[in-house]
file start.txt (compact mmCIF, C-alpha atoms)
# COMPACT_ATOMS: atom_id res chain seq x y z
CA MET I 283 104.93 97.72 82.81
CA ASP I 284 108.58 97.43 81.79
CA ARG I 285 110.43 94.23 82.43
CA ASP I 286 113.82 94.22 84.05
CA SER I 287 116.00 94.12 80.94
CA THR I 288 119.07 93.15 82.96
CA VAL I 289 117.63 89.72 83.57
CA GLU I 290 115.76 88.98 80.36
CA GLY I 291 117.14 85.81 78.89
CA ALA I 292 119.93 85.73 81.42
CA GLY I 293 120.64 83.27 84.18
CA ALA I 294 118.90 80.27 82.59
CA PRO I 295 120.97 77.32 81.35
CA ALA I 296 120.95 76.51 77.63
CA GLY I 297 117.95 74.49 76.46
CA THR I 298 115.76 75.67 79.34
CA PRO I 299 112.99 78.26 79.31
CA ALA I 300 114.16 81.86 79.03
CA ALA I 301 114.22 83.98 82.18
CA THR I 302 111.16 85.86 80.99
CA GLU I 303 109.15 82.64 80.96
CA LEU I 304 110.27 81.68 84.44
CA VAL I 305 109.54 84.99 86.15
CA ASP I 306 106.97 87.54 85.04
CA TRP I 307 108.61 90.74 86.22
CA ALA I 308 105.53 92.77 85.35
CA VAL I 309 103.49 90.74 87.81
CA ALA I 310 106.22 90.85 90.44
CA LEU I 311 106.51 94.65 90.20
CA GLN I 312 102.76 95.08 90.29
CA ARG I 313 102.65 93.13 93.57
CA VAL I 314 105.05 95.65 95.17
CA ALA I 315 103.35 98.75 93.74
CA GLY I 316 106.25 99.21 91.33
CA ASP I 317 108.84 99.45 94.10
CA ARG I 318 111.87 97.78 92.50
CA GLU I 319 113.97 98.04 95.66
CA LEU I 320 111.25 96.34 97.71
CA LEU I 321 111.12 93.59 95.12
CA ARG I 322 114.86 93.14 95.46
CA GLU I 323 114.46 92.79 99.22
CA LEU I 324 111.67 90.24 98.82
CA VAL I 325 113.71 88.22 96.33
CA THR I 326 116.71 88.23 98.68
CA VAL I 327 114.63 86.98 101.60
CA PHE I 328 112.99 84.36 99.40
CA LEU I 329 116.32 83.05 98.16
CA ASP I 330 117.51 82.77 101.77
CA GLU I 331 114.38 80.99 103.01
CA CYS I 332 113.19 78.78 100.18
CA PRO I 333 115.92 76.11 100.43
CA ARG I 334 114.92 75.57 104.06
CA TRP I 335 111.22 75.46 103.15
CA LEU I 336 111.95 72.89 100.46
CA ALA I 337 113.98 70.76 102.85
CA GLU I 338 111.15 70.81 105.38
CA LEU I 339 108.64 70.06 102.65
CA ARG I 340 110.70 67.12 101.45
CA ALA I 341 110.73 65.78 105.01
CA ALA I 342 106.98 66.30 105.32
CA VAL I 343 106.38 64.39 102.08
CA ALA I 344 108.64 61.57 103.25
CA GLY I 345 106.85 61.51 106.60
CA HIS I 346 103.39 61.50 104.94
CA ASP I 347 102.46 64.57 107.02
CA ALA I 348 99.63 65.98 104.91
CA ALA I 349 98.96 69.02 107.11
CA ARG I 350 102.59 70.04 107.06
CA VAL I 351 102.83 69.44 103.32
CA GLN I 352 99.83 71.72 102.85
CA ARG I 353 101.20 74.50 105.03
CA LEU I 354 104.72 74.49 103.60
CA ALA I 355 103.53 74.22 100.01
CA HIS I 356 101.13 77.11 100.75
CA THR I 357 104.03 79.24 101.96
CA ILE I 358 106.13 78.46 98.89
CA ARG I 359 103.18 78.97 96.56
CA GLY I 360 102.44 82.35 98.09
CA ALA I 361 106.02 83.52 97.66
CA MET I 362 106.22 82.24 94.07
CA GLY I 363 103.01 84.10 93.32
CA GLN I 364 104.33 87.36 94.74
CA LEU I 365 107.47 86.98 92.61
CA GLY I 366 105.65 86.25 89.35
CA ALA I 367 106.94 82.66 89.00
CA ALA I 368 103.76 81.16 87.57
CA VAL I 369 104.99 77.66 86.73
CA ALA I 370 106.64 77.24 90.12
CA PHE I 371 103.45 78.63 91.68
CA ALA I 372 101.43 75.92 89.95
CA ALA I 373 103.86 73.20 91.09
CA ALA I 374 103.55 74.35 94.70
CA GLU I 375 99.79 74.63 94.38
CA ARG I 376 99.58 71.02 93.25
CA LEU I 377 101.37 69.88 96.40
CA GLU I 378 99.27 72.17 98.58
CA LEU I 379 96.10 70.64 97.20
CA MET I 380 97.44 67.13 97.87
CA GLY I 381 98.17 68.12 101.43
CA ARG I 382 94.78 69.79 101.91
CA GLU I 383 92.95 66.72 100.64
CA GLY I 384 95.20 64.33 102.54
CA LYS I 385 96.01 62.48 99.33
CA LEU I 386 99.79 62.24 99.10
CA ALA I 387 100.01 59.60 96.38
CA GLY I 388 102.38 61.09 93.82
CA ALA I 389 103.65 63.71 96.28
CA GLU I 390 107.26 62.65 95.75
CA GLU I 391 106.97 63.34 92.03
CA ALA I 392 105.15 66.59 92.69
CA TYR I 393 107.91 67.66 95.09
CA ALA I 394 110.57 66.80 92.53
CA ALA I 395 108.77 68.94 89.97
CA LEU I 396 108.61 71.86 92.41
CA GLU I 397 112.27 71.54 93.30
CA LYS I 398 113.16 71.55 89.60
CA GLU I 399 111.13 74.71 89.07
CA PHE I 400 112.88 76.39 91.98
CA GLN I 401 116.25 75.45 90.52
CA GLY I 402 115.14 77.08 87.29
CA VAL I 403 114.03 80.38 88.82
CA GLN I 404 116.79 80.58 91.42
CA PRO I 405 119.53 81.93 89.11
CA VAL I 406 117.09 84.36 87.50
CA LEU I 407 116.07 85.72 90.88
CA ARG I 408 119.64 85.77 92.13
CA GLN I 409 120.74 87.86 89.16
CA PHE I 410 117.93 90.33 89.82
CA ALA I 411 118.78 90.53 93.51
CA THR I 412 122.45 91.22 92.92
CA ALA I 413 122.07 93.58 89.93
CA SER I 414 122.79 97.23 90.78
CA SER I 415 119.66 99.42 91.05
CA MET F 289 100.39 106.38 116.79
CA PRO F 290 98.58 103.28 115.50
CA ILE F 291 100.13 99.91 116.26
CA VAL F 292 99.69 97.30 113.55
CA LEU F 293 100.51 93.68 114.37
CA VAL F 294 101.38 91.54 111.34
CA ALA F 295 101.09 87.79 111.90
CA ASP F 296 102.47 85.58 109.14
CA ASP F 297 104.85 82.64 109.14
CA SER F 298 106.35 83.71 105.79
CA PRO F 299 109.14 86.29 106.13
CA VAL F 300 108.46 87.26 102.50
CA ASP F 301 104.87 88.18 103.31
CA ARG F 302 105.79 89.90 106.61
CA LEU F 303 108.30 92.04 104.74
CA LEU F 304 105.84 92.86 101.96
CA VAL F 305 103.00 93.81 104.31
CA GLY F 306 105.29 95.88 106.53
CA LYS F 307 106.87 97.77 103.64
CA LEU F 308 103.51 98.45 101.98
CA LEU F 309 102.18 99.86 105.25
CA GLN F 310 105.26 102.03 105.62
CA LYS F 311 104.36 103.75 102.35
CA GLU F 312 101.64 105.57 104.33
CA LYS F 313 103.02 109.04 104.94
CA ASP F 314 100.20 110.58 107.01
CA LEU F 315 100.17 108.06 109.83
CA ASP F 316 103.18 107.13 111.94
CA TRP F 317 102.50 103.44 112.21
CA VAL F 318 104.31 101.21 114.65
CA ILE F 319 104.46 97.82 112.99
CA ALA F 320 105.04 94.71 115.08
CA TYR F 321 105.53 91.21 113.72
CA ALA F 322 104.71 87.69 114.84
CA GLU F 323 105.45 84.41 113.10
CA ASN F 324 102.33 82.62 114.31
CA GLY F 325 99.12 82.97 116.29
CA GLN F 326 100.56 82.02 119.66
CA GLU F 327 103.36 84.53 119.35
CA ALA F 328 100.88 87.21 118.27
CA LEU F 329 98.62 86.57 121.27
CA ALA F 330 101.61 86.69 123.60
CA LEU F 331 102.60 90.08 122.16
CA MET F 332 99.01 91.28 122.56
CA GLY F 333 99.16 90.33 126.21
CA ASP F 334 101.87 92.98 126.63
CA VAL F 335 100.73 95.71 124.24
CA LEU F 336 97.42 95.82 122.41
CA PRO F 337 97.69 96.70 118.73
CA HIS F 338 95.06 98.83 117.09
CA VAL F 339 94.63 96.28 114.30
CA VAL F 340 95.94 92.82 113.41
CA VAL F 341 96.80 91.78 109.84
CA THR F 342 97.09 88.03 109.61
CA ASP F 343 97.59 85.15 107.23
CA LEU F 344 95.11 82.32 107.62
CA MET F 345 97.53 79.44 107.39
CA MET F 346 100.22 79.39 110.05
CA PRO F 347 101.92 76.65 112.09
CA GLY F 348 100.45 75.69 115.44
CA MET F 349 97.30 77.75 116.00
CA ASN F 350 95.48 78.06 112.67
CA GLY F 351 93.99 81.29 111.40
CA LEU F 352 90.42 80.46 112.48
CA GLU F 353 91.52 79.68 116.01
CA PHE F 354 93.57 82.86 116.07
CA VAL F 355 90.62 85.01 114.96
CA SER F 356 88.37 83.34 117.54
CA ALA F 357 90.95 83.89 120.28
CA ILE F 358 91.24 87.60 119.49
CA ARG F 359 87.44 87.93 119.40
CA SER F 360 87.26 86.23 122.76
CA HIS F 361 90.14 87.94 124.60
CA HIS F 362 90.50 91.25 122.75
CA PRO F 363 87.16 92.01 121.00
CA GLN F 364 88.10 95.66 120.54
CA VAL F 365 91.00 94.74 118.22
CA PRO F 366 89.87 94.31 114.60
CA VAL F 367 91.48 91.59 112.47
CA ILE F 368 92.19 91.87 108.74
CA LEU F 369 92.79 88.61 106.87
CA ILE F 370 95.26 88.07 104.05
CA THR F 371 93.56 85.53 101.83
CA GLY F 372 95.36 83.33 99.35
CA GLN F 373 93.81 81.86 96.24
CA GLY F 374 92.00 78.69 97.26
CA SER F 375 91.37 79.81 100.84
CA GLU F 376 88.11 81.59 100.13
CA ALA F 377 85.93 79.20 102.15
CA LEU F 378 88.31 79.52 105.11
CA ALA F 379 88.21 83.30 104.82
CA MET F 380 84.41 83.29 104.78
CA GLU F 381 84.42 81.29 108.00
CA ALA F 382 86.96 83.67 109.54
CA LEU F 383 84.67 86.59 108.70
CA GLU F 384 81.81 84.70 110.37
CA ARG F 385 84.00 84.25 113.44
CA GLY F 386 84.76 87.92 113.73
CA ALA F 387 87.41 89.13 111.28
CA ALA F 388 86.75 92.71 110.20
CA SER F 389 87.87 92.58 106.60
CA TYR F 390 90.15 90.82 104.16
CA VAL F 391 92.63 91.55 101.40
CA PRO F 392 93.47 88.95 98.74
CA LYS F 393 97.20 88.27 98.72
CA ALA F 394 97.41 89.16 95.02
CA GLN F 395 95.90 92.60 95.75
CA LEU F 396 97.97 93.69 98.77
CA ALA F 397 99.66 96.50 96.84
CA ASP F 398 96.29 97.88 95.73
CA LYS F 399 94.09 97.33 98.76
CA LEU F 400 96.07 96.79 101.98
CA LEU F 401 96.68 100.41 102.93
CA ASN F 402 93.11 101.50 102.25
CA THR F 403 91.68 98.52 104.10
CA VAL F 404 93.81 99.08 107.21
CA LYS F 405 92.94 102.78 107.25
CA GLN F 406 89.26 102.01 106.79
CA VAL F 407 89.20 99.48 109.63
CA LEU F 408 91.14 101.78 111.98
CA SER F 409 88.83 104.65 111.20
CA VAL F 410 85.70 102.69 112.02
CA ALA F 411 87.18 101.22 115.20
CA ARG F 412 88.01 104.59 116.71
CA ALA F 413 85.59 105.68 119.53
CA ASP F 414 84.64 109.08 121.02
CA SER F 415 84.20 108.70 124.80
CA ASN F 416 82.59 112.12 125.42
CA LEU F 417 79.81 111.55 122.94
CA LYS F 418 79.31 108.11 124.43
CA ARG F 419 78.15 109.56 127.75
CA VAL F 420 75.34 111.52 126.10
CA THR F 421 74.25 108.85 123.71
CA GLU F 422 74.04 106.22 126.45
CA CYS F 423 70.70 107.86 127.27
CA LEU F 424 69.26 107.07 123.84
CA VAL F 425 66.52 104.43 123.56
CA GLN F 426 65.65 104.74 119.88
CA THR F 427 66.30 107.15 117.06
CA GLN F 428 65.51 107.79 113.43
CA ALA F 429 67.25 109.89 110.82
CA THR F 430 67.04 110.74 107.14
CA LEU F 431 70.02 112.13 105.26
CA HIS F 432 70.56 113.23 101.67
CA LEU F 433 74.32 112.96 101.15
CA GLU F 434 76.34 114.70 98.49
CA ASN F 435 78.63 112.45 96.48
CA GLU F 436 81.69 113.15 98.59
CA VAL F 437 83.72 110.24 99.90
CA ALA F 438 84.85 112.35 102.85
CA LEU F 439 81.30 112.44 104.23
CA ILE F 440 81.01 108.70 104.60
CA PRO F 441 83.45 107.90 107.46
CA PRO F 442 81.97 110.48 109.85
CA LEU F 443 78.44 109.27 109.06
CA VAL F 444 79.48 105.67 109.76
CA ASP F 445 81.28 106.79 112.90
CA LEU F 446 78.22 108.72 114.11
CA PHE F 447 75.83 105.79 113.94
CA GLY F 448 78.47 103.36 115.16
CA GLN F 449 78.95 105.46 118.28
CA LEU F 450 75.20 105.68 118.81
CA LEU F 451 74.82 101.91 118.62
CA THR F 452 77.74 101.30 120.96
CA SER F 453 76.44 103.85 123.46
CA MET F 454 73.00 102.24 123.35
CA ASN F 455 74.73 98.93 124.19
CA PHE F 456 73.23 97.60 121.00
CA CYS F 457 76.42 95.80 120.01
CA ASP F 458 79.92 95.12 121.28
CA ALA F 459 83.08 96.68 119.90
CA THR F 460 83.65 93.96 117.32
CA GLU F 461 80.09 94.09 116.03
CA ARG F 462 80.34 97.85 115.80
CA VAL F 463 83.38 97.54 113.56
CA HIS F 464 81.59 94.96 111.45
CA LEU F 465 78.48 97.09 111.12
CA GLY F 466 80.61 100.10 110.26
CA ILE F 467 82.42 98.18 107.52
CA ALA F 468 79.12 96.96 106.04
CA LEU F 469 77.56 100.41 106.15
CA GLU F 470 80.62 102.04 104.60
CA GLU F 471 80.69 99.50 101.78
CA ALA F 472 77.02 100.11 101.03
CA LEU F 473 77.48 103.89 100.99
CA LEU F 474 80.59 103.72 98.81
CA ASN F 475 78.78 101.41 96.42
CA ALA F 476 75.91 103.90 96.16
CA LEU F 477 78.40 106.71 95.49
CA TYR F 478 80.85 105.03 93.14
CA HIS F 479 78.72 102.56 91.22
CA GLY F 480 75.24 104.01 91.75
CA ASN F 481 75.29 107.78 91.50
CA LEU F 482 78.55 108.26 89.60
CA ALA F 483 78.38 105.02 87.53
CA LEU F 484 82.15 104.46 87.76
CA SER F 485 83.74 101.32 86.39
CA PRO F 486 85.71 99.05 88.76
CA GLU F 487 88.94 100.38 87.24
CA GLN F 488 87.87 103.99 87.82
CA VAL F 489 86.93 103.16 91.40
CA GLN F 490 90.33 101.60 91.99
CA GLN F 491 92.07 104.66 90.54
CA ALA F 492 89.94 107.02 92.63
CA ARG F 493 90.63 105.06 95.81
CA ALA F 494 94.37 105.05 95.11
CA GLU F 495 94.37 108.82 94.58
CA LEU F 496 92.36 109.46 97.75
CA THR F 497 94.67 107.18 99.73
CA GLU F 498 97.60 109.35 98.67
CA GLY F 499 95.77 112.51 99.71
CA GLN F 500 95.23 113.57 96.12
CA ILE F 501 92.09 114.72 94.37
CA ALA F 502 90.20 111.85 92.74
CA TRP F 503 89.76 113.58 89.40
CA VAL F 504 87.32 111.06 88.00
CA ILE F 505 84.97 111.80 90.91
CA HIS F 506 85.63 115.52 90.74
CA GLU F 507 84.81 115.68 87.03
CA ARG F 508 81.84 113.36 87.07
CA ARG F 509 80.16 115.33 89.85
CA THR F 510 79.99 118.30 87.47
CA GLN F 511 78.57 116.35 84.53
CA ALA F 512 75.03 115.46 83.63
CA PRO F 513 73.28 113.18 84.56
CA TYR F 514 75.48 112.62 87.64
CA ARG F 515 75.48 116.24 88.79
CA GLY F 516 73.08 116.80 91.65
CA ARG F 517 72.51 113.13 92.51
CA LYS F 518 72.29 112.34 96.19
CA ILE F 519 72.63 109.27 98.38
CA HIS F 520 69.41 108.88 100.37
CA VAL F 521 70.02 107.33 103.78
CA GLU F 522 67.29 106.36 106.22
CA VAL F 523 68.26 105.08 109.64
CA TYR F 524 65.90 103.45 112.13
CA ILE F 525 67.42 102.37 115.42
CA ARG F 526 65.15 100.64 117.92
CA PRO F 527 66.03 98.51 120.93
CA GLU F 528 65.79 95.27 118.97
CA GLU F 529 67.19 96.24 115.55
CA ALA F 530 69.08 98.82 113.52
CA ARG F 531 67.89 99.30 109.95
CA PHE F 532 69.70 101.27 107.26
CA VAL F 533 68.13 101.98 103.89
CA ILE F 534 70.56 103.36 101.32
CA ARG F 535 69.29 104.47 97.94
CA ASP F 536 71.19 106.03 95.07
CA GLN F 537 69.84 107.80 92.01
CA GLY F 538 71.68 105.71 89.48
CA ALA F 539 70.35 103.24 86.97
CA GLY F 540 70.48 100.29 89.36
CA PHE F 541 71.60 96.80 88.39
CA LEU F 542 70.12 93.41 87.58
CA ARG F 543 69.08 91.51 90.71
CA THR F 544 70.10 88.30 88.91
CA THR F 545 73.74 89.42 88.96
CA ILE F 546 73.83 89.36 92.77
CA PRO F 547 75.69 86.21 93.88
CA GLU F 548 74.14 84.00 96.53
CA ARG F 549 75.08 84.50 100.15
CA GLY F 550 77.88 82.21 101.24
CA ASP F 551 79.30 81.70 97.74
CA PRO F 552 83.04 81.85 98.45
CA ARG F 553 83.81 82.67 94.80
CA THR F 554 82.61 86.22 95.44
CA LEU F 555 85.61 86.77 97.73
CA GLU F 556 87.94 87.04 94.75
CA ARG F 557 85.51 88.68 92.32
CA GLY F 558 86.34 92.35 91.75
CA GLY F 559 82.97 93.88 92.59
CA GLY F 560 81.82 91.24 95.06
CA ARG F 561 83.96 92.07 98.05
CA GLY F 562 81.65 94.79 99.38
CA LEU F 563 78.64 92.50 99.12
CA VAL F 564 80.49 89.69 100.91
CA LEU F 565 81.29 92.01 103.79
CA MET F 566 77.74 93.38 103.96
CA ARG F 567 76.21 89.92 104.04
CA ASN F 568 78.63 88.59 106.61
CA PHE F 569 78.26 91.47 108.99
CA MET F 570 74.52 92.21 108.80
CA ASP F 571 71.59 89.96 109.62
CA GLU F 572 69.65 90.94 106.51
CA VAL F 573 70.74 92.47 103.22
CA THR F 574 68.00 93.04 100.67
CA PHE F 575 67.82 94.97 97.41
CA ASN F 576 64.88 96.59 95.70
CA ASP F 577 63.81 95.43 92.25
CA ALA F 578 65.56 98.32 90.53
CA GLY F 579 68.84 97.46 92.20
CA ASN F 580 69.49 100.99 93.44
CA GLU F 581 68.44 100.54 97.05
CA VAL F 582 69.83 98.26 99.72
CA THR F 583 68.39 97.64 103.17
CA LEU F 584 70.79 96.50 105.88
CA VAL F 585 69.38 95.13 109.13
CA LYS F 586 71.34 94.29 112.24
CA ARG F 587 69.54 92.79 115.18
CA ARG F 588 70.63 93.10 118.76
CA THR F 589 72.84 90.17 119.72
CA GLY F 590 70.70 87.29 120.93
CA ALA F 591 67.90 88.10 118.52
CA ALA F 592 69.89 87.78 115.28
CA SER F 593 69.10 85.45 112.38
CA LYS F 594 71.06 85.59 109.10
CA ALA F 595 69.17 86.07 105.83
call {"tool": "encode", "arguments": {"input": "start.txt", "output": "structure tokens"}}
result
Amino acid sequence: MDRDSTVEGAGAPAGTPAATELVDWAVALQRVAGDRELLRELVTVFLDECPRWLAELRAAVAGHDAARVQRLAHTIRGAMGQLGAAVAFAAAERLELMGREGKLAGAEEAYAALEKEFQGVQPVLRQFATASS
Amino acid sequence: MPIVLVADDSPVDRLLVGKLLQKEKDLDWVIAYAENGQEALALMGDVLPHVVVTDLMMPGMNGLEFVSAIRSHHPQVPVILITGQGSEALAMEALERGAASYVPKAQLADKLLNTVKQVLSVARADSNLKRVTECLVQTQATLHLENEVALIPPLVDLFGQLLTSMNFCDATERVHLGIALEEALLNALYHGNLALSPEQVQQARAELTEGQIAWVIHERRTQAPYRGRKIHVEVYIRPEEARFVIRDQGAGFLRTTIPERGDPRTLERGGGRGLVLMRNFMDEVTFNDAGNEVTLVKRRTGAASKA
């Protein structure tokens, strides 16, 4: 499956992983049955919602609310998976597992890692969402 | 006009599910959305959907409670789960509690449409036939089916209606039994008689979903040794149990490759989904030594024991 050449290598700051390592566009397109416009819609919604999810997740971590950590991390993980962001997916999954097991030791660090991954994929996704079809 | 209710707290997933369902051209779905279980139940209090598609992890009422509530208050409405990686055990329990089927989140694009259509098809009831079949006490039938996918839904519907009319099972159990029976018949057709690979099956299902000819089936039915094979179906319905024996004429498979009942890892395995559904929805599922015959037994509610 072709990758979106308009975003390959673009959007990522110098010294950071290339866009193609942050988002697997082949996976993302496969999840939407190849519908590029649908993928653009999903990315747009995700970019609108994820900052709020992260803020709520940060509060849940600070409040040691394991159930809420699990649910919010699950939501973020699911979205990252649909968009082909494997590393961010793994970061969210780590937090989800902590929440599920009720073991939040290290959750602050895990949250920081997730937030960093989101900041990495955000410009890549934003460029895709705003590129002309 | 089927009404599909999508319950998911993620707007990304609600959008994806809704848009994938809208790709169906032959049915004029009405798609309603809810952000959680409570909201979904409130909507169902006003208008009953024909099927619910739900995530398992939502705020407030969790997915298991939601499935149980639908089974309790609206047993005629089938529920399809969206399962995320790592939620297999939860999904198994939801199937035990009454969900009709499931689609892994990573496979929504491939499987959602087909699964919703399958569940809706089985859940549909014919009220005129019901009046006649209410007089039935027991029945027995033997069929030799051609390898045509189109023959399977009406066969499943026929015996589902008989069982409902005989008050053998409630509406939810009828859907479950129909799903299990359909999976067994499709397995006999695709993997048994026609010996298709999982990839070929997926391609054929996609083509059939779009109303196209499934060429791999069409061609294989004309080739030796697949040409002329039949699916043998024996049905025994008595007051206390319904027994379905389905035998194909393929090479069979190794009994040792059959995963154990209750192993949640089979939920994600490509060829295991049909077996998971059969085992969850029937009281007994047994295979012959050759691996080309399956016996499904469903006992009347109150006399059931899982095996």
call {"tool": "atom_distance", "arguments": {"input": "start.txt", "atom1": "atom CA of F:Pro347", "atom2": "atom CA of I:Gly366"}}
result
25.0 Å
call {"tool": "residues_around", "arguments": {"input": "start.txt", "residues": "I:Lys385", "least_positions_apart": "5", "cutoff": "10 Å", "atoms": "only C-alpha atoms", "output": "PyMOL selection string"}}
result
chain I and resi 346+348+377+379-380
call {"tool": "atom_distance", "arguments": {"input": "start.txt", "atom1": "atom CA of F:Asn481", "atom2": "atom CA of F:Val521"}}
result
13.4 Å
call {"tool": "interface_residues", "arguments": {"input": "start.txt", "of": "chain I", "to": "chain F", "cutoff": "12 Å", "atoms": "all atoms listed in the file", "output": "ChimeraX atom specification"}}
result
/I:309-317,319-332,334-335,349-366,371-372,375-376,378-379,382
call {"tool": "residues_around", "arguments": {"input": "start.txt", "residues": "F:Asp445", "least_positions_apart": "5", "cutoff": "9 Å", "atoms": "all atoms listed in the file", "output": "VMD selection string"}}
result
chain F and resid 409 to 413 440 450 466
call {"tool": "atom_distance", "arguments": {"input": "start.txt", "atom1": "atom CA of F:Val407", "atom2": "atom CA of F:Val391"}}
result
11.9 Å
call {"tool": "residues_around", "arguments": {"input": "start.txt", "residues": "F:Thr427", "least_positions_apart": "5", "cutoff": "10 Å", "atoms": "all atoms listed in the file", "output": "list in words"}}
result
Leu450, Val523, Tyr524, Ile525, Arg526, Pro527 and Ala530 of chain F
call {"tool": "residues_around", "arguments": {"input": "start.txt", "residues": "F:Val504", "least_positions_apart": "6", "cutoff": "10 Å", "atoms": "only C-alpha atoms", "output": "list in words"}}
result
Leu482, Leu484, Gln488, Val489, Gln491, Ala492 and Glu495 of chain F
call {"tool": "axis_aligned_box", "arguments": {"input": "start.txt", "around": "stretch 377-394 of chain F", "padding_each_side": "6 Å", "output": "lines of an AutoDock Vina configuration file"}}
result
center_x = 89.6
center_y = 86.0
center_z = 104.4
size_x = 27.6
size_y = 25.5
size_z = 30.7
